[in-house]
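First up is the structure itself, then whatever we jot down about it.
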Amino acid sequence: MKFDDVLCPFCGCLCDDITVTAEGGRVTGVDNTCLLGTSKFLGDNRLKNPIMRTDDGWKDVTYDEAIASTLDALLEADRPLLYGWSGTHGEAQCIGVHMAELLGAVIDNTSSVCHGPSILAIQEVGHPGCTLGQVKNRADVIIYWGCNPTEAHPRHMSRYTTYADGYFLDNAFRDRTVIVVDVRRTETAELADVFVEIKPGGDYAVLSALRAMVRGRDEMIPDSIAGVSKEQLRHIVEICKNAKFCAVFFGVGLTMTRGKYKNVRNAIELVDELSRHTKATITPMRGHFNVYGSNEVNTWMSGYPYAIDFCRGIAFYNPGETTAVDILARKECDAALIVASDPAAHLPSKCIRHLANIPVVQIDPYPNMTTAFCNLQIPVAVSGIDAEGTAYRMDGVPIRLRKVLETEYPTDTMLLGRIYEAMMEVRGR
Amino acid sequence: MSELLVKNAYVIDPVNGINGEVMDIAIRDQWIVEEVGSGAMVIDAKGQLTLPGGIDSHTHICGTKVNFGRYMSPEDMRAGRMPRRGSMHATSGYSVPTTYGNTYRYSTMGYTTLLEGAMAPLEARHTHEEFTHTPLQDTMANTLFDGNWAIMEAVRDGDMRRVAAITAWTLSAVKGFAIKLTNPGGTEAWGWGEDVTCIHDQIPHFEVTPAEIITAMITANEMLNLPHSVHLHCNNLGKPGNYTCTLDTFDLARDLNKNRQTLYATHVQFHSYGGSSWKDICSKSEEITRSLNSKPHIVFDMGQVLFGRTTTMTADGPMEFNLYRLHHNKWSNHDVELETGAGIIPVLYRRSNLVNSIMWAIGLELALLTDDPWQCCLSTDSPNGAPFVRYPEIIAMLMSRRYREEEMSSVHPGTEHRVPLPAIDRELDWEEIAIMTRAAQAKALGLIDIGKGHLAPGAEADIAIYPIQIRDVDPSVDYMKVKEAFATTAYTIKRGRVVARQGDCVVDGINSTIWVDPQVPPEYDISNDPEFVKKFDRYYTVRMRNYPVQDVYLERQVCLRPEVSL
Amino acid sequence: MRFILNTGRTIVQGCHVEDKYSETYAGEVSTCRMNLLDMLELGVEEGEYVSVTCGSGSVVLKVVAAGEAIPCGSVFVPYGPYINHIMPEDTHSTGMPDFKSVVVVITPTTEPRKTLQDLIEDLGGRMYEIR
């Protein structure tokens with residue numbers, strides 16, 4: 001069977017033009033994908049059935065047993081943490097929020113260690129953005145700051161920016177100027193018209209200098225800022241001010257380095273400043289294909305994009321306190337449900353040590369690092385391969401994931417729905 | 001089958017000409033019927049005011065920019081927190097509540113049907129997802145066409161059938177309800193950081209004017225025989241002197257439909273300013289209502305402003321940027337490829353501010369100076385003028401001159417010289433309020449035929465019972481009682497079921513989404529048009545196959561299928 | 001020697017996020033990419049091992065020469081369980097730990113690079129053998 005216009009459930013580009021061939025219950029071929037997408041579609045390392053940790057190893061259990069055991073773990077806990085959510089579809093994320101509310105749990109998603117700081121910045125100063133098609137059709141200046149799409153969002157440049165056909169551009173590639181700002185000369189930097197190499201940790205200062213120069217305050221800028229010459233900064237300001245449409249994309253190079261949300265705030269304020277001279281937009285390069293969906297779902301359900309603590313009954317939000325890393329590092333949670341992410345591969349070791357000491361249930365199709373730290377793992381269908389559902393692209397455009405395989409695995413929605421219903425029997429009303 | 005009998009209801013049902021009769025209302029399943037059996041459950045309304053369920057014909061409750069308002073405003077979320085209780089989920093937010101916050105608060109105010117004011121087609125799925133989590137009202141979405149490239153090209157080519165065909169396909173694909181134009185042409189210009197000033201400016205690159213778009217869409221709307229008319233947010237919102245633009249826009253509409261208006265103008269308060277700058281801004285509500293009074297084929301909503309904190313959000317991106325440059329708070333913008341835009345900023349309307357005080361007065365004046373209440377829908381353009389939870393204040397002010405005078409005494413002292421409000425004696429009566437909060441909306445939206453906005457047998461059993469005996473109350477004096485009564489129903493009945501009682505929502509509920517699927521003949525199916533498909537494939541970043549909103553997003557739905565005349 | 005450490009995604013790491021028990025994944029996320037001049041100064045060659053230390057501990061990684069792509073004084077390590085073994089958990093009240101621009105001390109070592117299993121067991125986990 002051949003399926004056209006399938007969505008790729010890997011990164012925030014959420015490409016929806018993939019052709020997938022499936023035979024005999026597996027994907028046998030893909031077209032239009034990047035390397036990341038190809039490996040996801042063709043990957044074949046799924047967990048076969050739920051597994052439970054025993055004193056000396058692992059044993060297979062049934063889904064019924066797994067659900068019962070999940071209930072025990074979560075209902076017995078005083079302060080459960082429900083973490084992950086970025087690799088599943090929106091309908092499952094909704095159940096997660098209901099579950100957190102019912103349990104009085106903390107629910108957090110992977111954006112707390114990705115673009116969480118960008119959200120904090122947006123909450124301070126807002127977000128002048130647009131859908132990716134605006135950039136594709138109009139932008140004559142593209143800035144990639146602290147991100148490396150070549151390796152993390154491989155089709156970003158061909159679908160949405162540098163190499164994409166644009167309505168208002170005669171020759172998209174020739175007519176666009178691409179500026180890359182980074183602390184190292186990445187593969188993306190090799191493709192840039194202008195590469196700006198910043199000293200690590202220098203983003204805030206360089207952004208401040210650019211803002212000042214856009215305001216016409218050149219005289220206050222020293223000859224060099226964080227390794228960047230004033231001359232080069234002036235050149236960039238000229239390019240941006242003369243642009244018809246200047247699109248800034250930024251990555252975790254800003255959010256994970258010191259200054260964090262203040263770096264992002266400064267980048268947003270640069271775009272704000274540029275908006276007084278030309279059209280300018282800014283977009284975070286979201287990682288997981290549906291991490292933004294998780295923020296959207298959490299927001300309409302609870303009021304906040306991530307790090308939501310229901311222990312008081314109301315939704316309480318205080319990143320830095322109610323975020324997963326902090327809660328784990330303080331050894332505060334006494335049980336965890338991990339859905340569609342792999343914290344043991346991506347969080348600091350102190351957090352992982354705590355996971356090893358508390359009951360952990362993981363819902364994920366694949367064995368991963370967190371498998372080694374959970375008491376129970378329940379495999380599910382893969383969103384976008386054998387499960388349908390909604391995903392939100394990095395620019396907020398929602399698209400429905402397609403299903404290309406029939407499956408025996410329950411979807412996240414089915415499994416979480418069963419767990420939630422069983423919880424309601426005990427705790428509801 | 002379930003049966004319910006509401007006894008001793010003091011009914012005002014303007015659609016059916018009932019103005020204050022004590023009667024029983026029989027309900028079987030979701031419909032109002034002639035009579036029910038003796039086994040029916042009984043609710044004794046004890047002579048309290050009983051109206052058809054409230055309908056909001058312009059509110060922002062669901063979708064991309066609404067959610068962005070929440071996302072960027074934890075300070076607003078903290079202002080409306082309630083824990084999970086009974087069948088109610090936890091809620092957050094004051095001016096932009098969570099979906100459950102919206103649905104519970106509207107429900108306890110007696111509202112049963114809501115029109116989301118602006119949905120970008122490309123992001124329609126988001127709106128429908130949030131509708132699903134707004135379970136206690138029936139929902140529908142205005143669909144944005146103000147900067148639609150394919151439509152502007154068809155308008156430029158003078159091809160009205162093509163305009164209609166594109167509109168029909170889009171509405172049907174995104175499960176939208178009506179045509180919305182927000183600052184037509186302005187949102188496309190904003191893609192370059194520009195704007196249009198009024199209806200005769202050229203839109204960059206497209207060689208059409210807002211006036212041409214508006215006229216074409218009105219024509220297409222009637223060709224498609226849509227239940228609602230074109231729903232227009234005029235150009236040049238919020239600028240001193242913009243009333244002339246508004247008047248010129250009104251002049252574009254001719255009377256084309258015998259059942260309803262031909263043009264619905266939204267939040268007209270924001271479009272009724274005189275003067276040439278913020279220094280000499282004044283009310284032009286008299287000129288605006290003079291025009292409206294002579295044009296029964298235009299219906300409008302007020303867009304009332306009330307003092308306090310709120311969040312402004314609109315597809316009118318350039319307007320929000322201008323507003324941001326006045327307020328310097330925080331600014332979000334979200335342009336949508338080939339279609340429209342959006343902007344969001346939090347604002348604080350202050351009594352001590354002259355401009356804000358004038359805005360406040362204009363909204364009331366529009367309602368009080370419009371002769372026919374069927375032409376005027378009560379709204380705040382929630383949350384732009386104020387969050388909808390404050391509708392009861394507006395009702396009370398419209399019913400009481402004394403209340404208005406009291407408010408007037410605490411606004412900016414310069415206001416009275418710039419607005420006609422102090423000279424207006426009119427006090428609206430209960431029936432006029434009933435019209436302006438449900439009956440006029442049902443008529444304007446074309447929903448009476450599917451049983452909305454009235455209480456005769458055959459109507460949907462959406463009913464609001466307010467805890468007030470109106471025969472014992474003089475609203476011009478007891479305005480606080482009026483305000484209190486409209487804030488919380490004794491009972492809200494939705495689809496034949498009690499959904500809210502004295503401020504508590506008592507069921508989970510499932511919303512119905514009302515949408516239109518114009519019955520376009522195959523030769524006008526634009527999705528088979530090679531030129532349309534080619535441009536779609538080339539310039540959208542979503543494949544055409546993945547664009548339409550799938551049925552699965554509408555758990556319950558009412559699809560209207562108008563016969564078209566192309 | 002002191003270095004500024006940046007962690008980040010790579011295409012190979014990305015291709016194996018759903019295949020983390022593969023040798024390729026473990027190999028990729030246990031590399032430390034350095035400028036050639038820094039390697040000279042440190043006295044290590046491509047394929048040799050270094051011990052990377054910061055506040056929370058040390059981890060042994062394999063040196064990969066990065067040409068000019070990495071400036072002197074900086075190193076780059078792909079995200080994953082190896083480098084996160086030593087990443088500090090303090091988020092400075094933002095929810096986000098320092099995953100970039102972290103000061104580390106790097107020394108050549110003859111110690112072996114840990115296996116994924118060792119790393120997991122150090123942290124109190126237990127390998128699941130994939131069938």
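In the structure tokens, chains take the letters A, B, ... in the order shown, each chain's residues start at 1, and ligands count up from 1 in the order shown.
Counting only C-alpha atoms, range 116-118 of chain B has the following residues at most 6 Å away, ignoring those fewer than 5 positions along the same chain: His58, Thr59, His60, Ala141, Asn142 and Thr143 of chain B.
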Emit the selected residues as an mmCIF file, in the first residue's frame, including C-alpha atoms.
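Here's the written file selection21.cif:
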```cif
data_model
loop_
_atom_site.group_PDB
_atom_site.id
_atom_site.type_symbol
_atom_site.label_atom_id
_atom_site.label_comp_id
_atom_site.auth_asym_id
_atom_site.auth_seq_id
_atom_site.Cartn_x
_atom_site.Cartn_y
_atom_site.Cartn_z
ATOM 1 C CA HIS B 58 -19.373 37.617 18.275
ATOM 2 C CA THR B 59 -16.968 36.328 20.891
ATOM 3 C CA HIS B 60 -13.430 34.990 20.959
ATOM 4 C CA ALA B 141 -16.915 29.698 13.625
ATOM 5 C CA ASN B 142 -16.647 32.793 11.500
ATOM 6 C CA THR B 143 -14.136 31.924 8.810
#
```
Checklist entry - Near Ile122 in chain A, within 12 Å and counting only C-alpha atoms, which residues show up once chain neighbours fewer than 3 positions away are dropped, as a ChimeraX atom specification? => result /A:115-119,125-129,261-269,282-284,305 /B:68-74,329-333,344-345
Item to check | CA of Ala335 in chain A to CA of Val426 in chain A, straight-line distance in Å | outcome: 17.9 Å
Checklist entry - Between B:Ala173, B:Ile288, B:Val163, B:Val507, which is the closest to Arg545 in chain B once you count only C-alpha atoms? => result B:Ala173
Next on the checklist: List as number ranges by chain the protein and nucleic acid residues near Arg26 in chain A, meaning an atom at most 8 Å away when only C-alpha atoms are counted, but skip any in the same chain fewer than 3 places from it.
Outcome noted: A: 22-23, 42, 405
Residues from the last selection, N, CA, C and O atoms, saved as a compact mmCIF listing (two decimals), in the first residue's frame:
```txt
# COMPACT_ATOMS: atom_id res chain seq x y z
N ALA A 22 3.82 0.68 2.67
CA ALA A 22 3.73 -0.26 3.78
C ALA A 22 3.29 -1.61 3.26
O ALA A 22 2.38 -1.69 2.42
N GLU A 23 3.96 -2.63 3.72
CA GLU A 23 3.60 -4.00 3.34
C GLU A 23 3.80 -4.93 4.52
O GLU A 23 4.77 -4.79 5.26
N LEU A 42 11.24 3.79 9.19
CA LEU A 42 11.74 2.44 8.91
C LEU A 42 12.20 1.72 10.17
O LEU A 42 12.48 0.53 10.14
N LEU A 405 -0.24 2.10 9.10
CA LEU A 405 -0.21 0.68 9.46
C LEU A 405 -1.40 0.33 10.34
O LEU A 405 -1.80 1.13 11.18
```
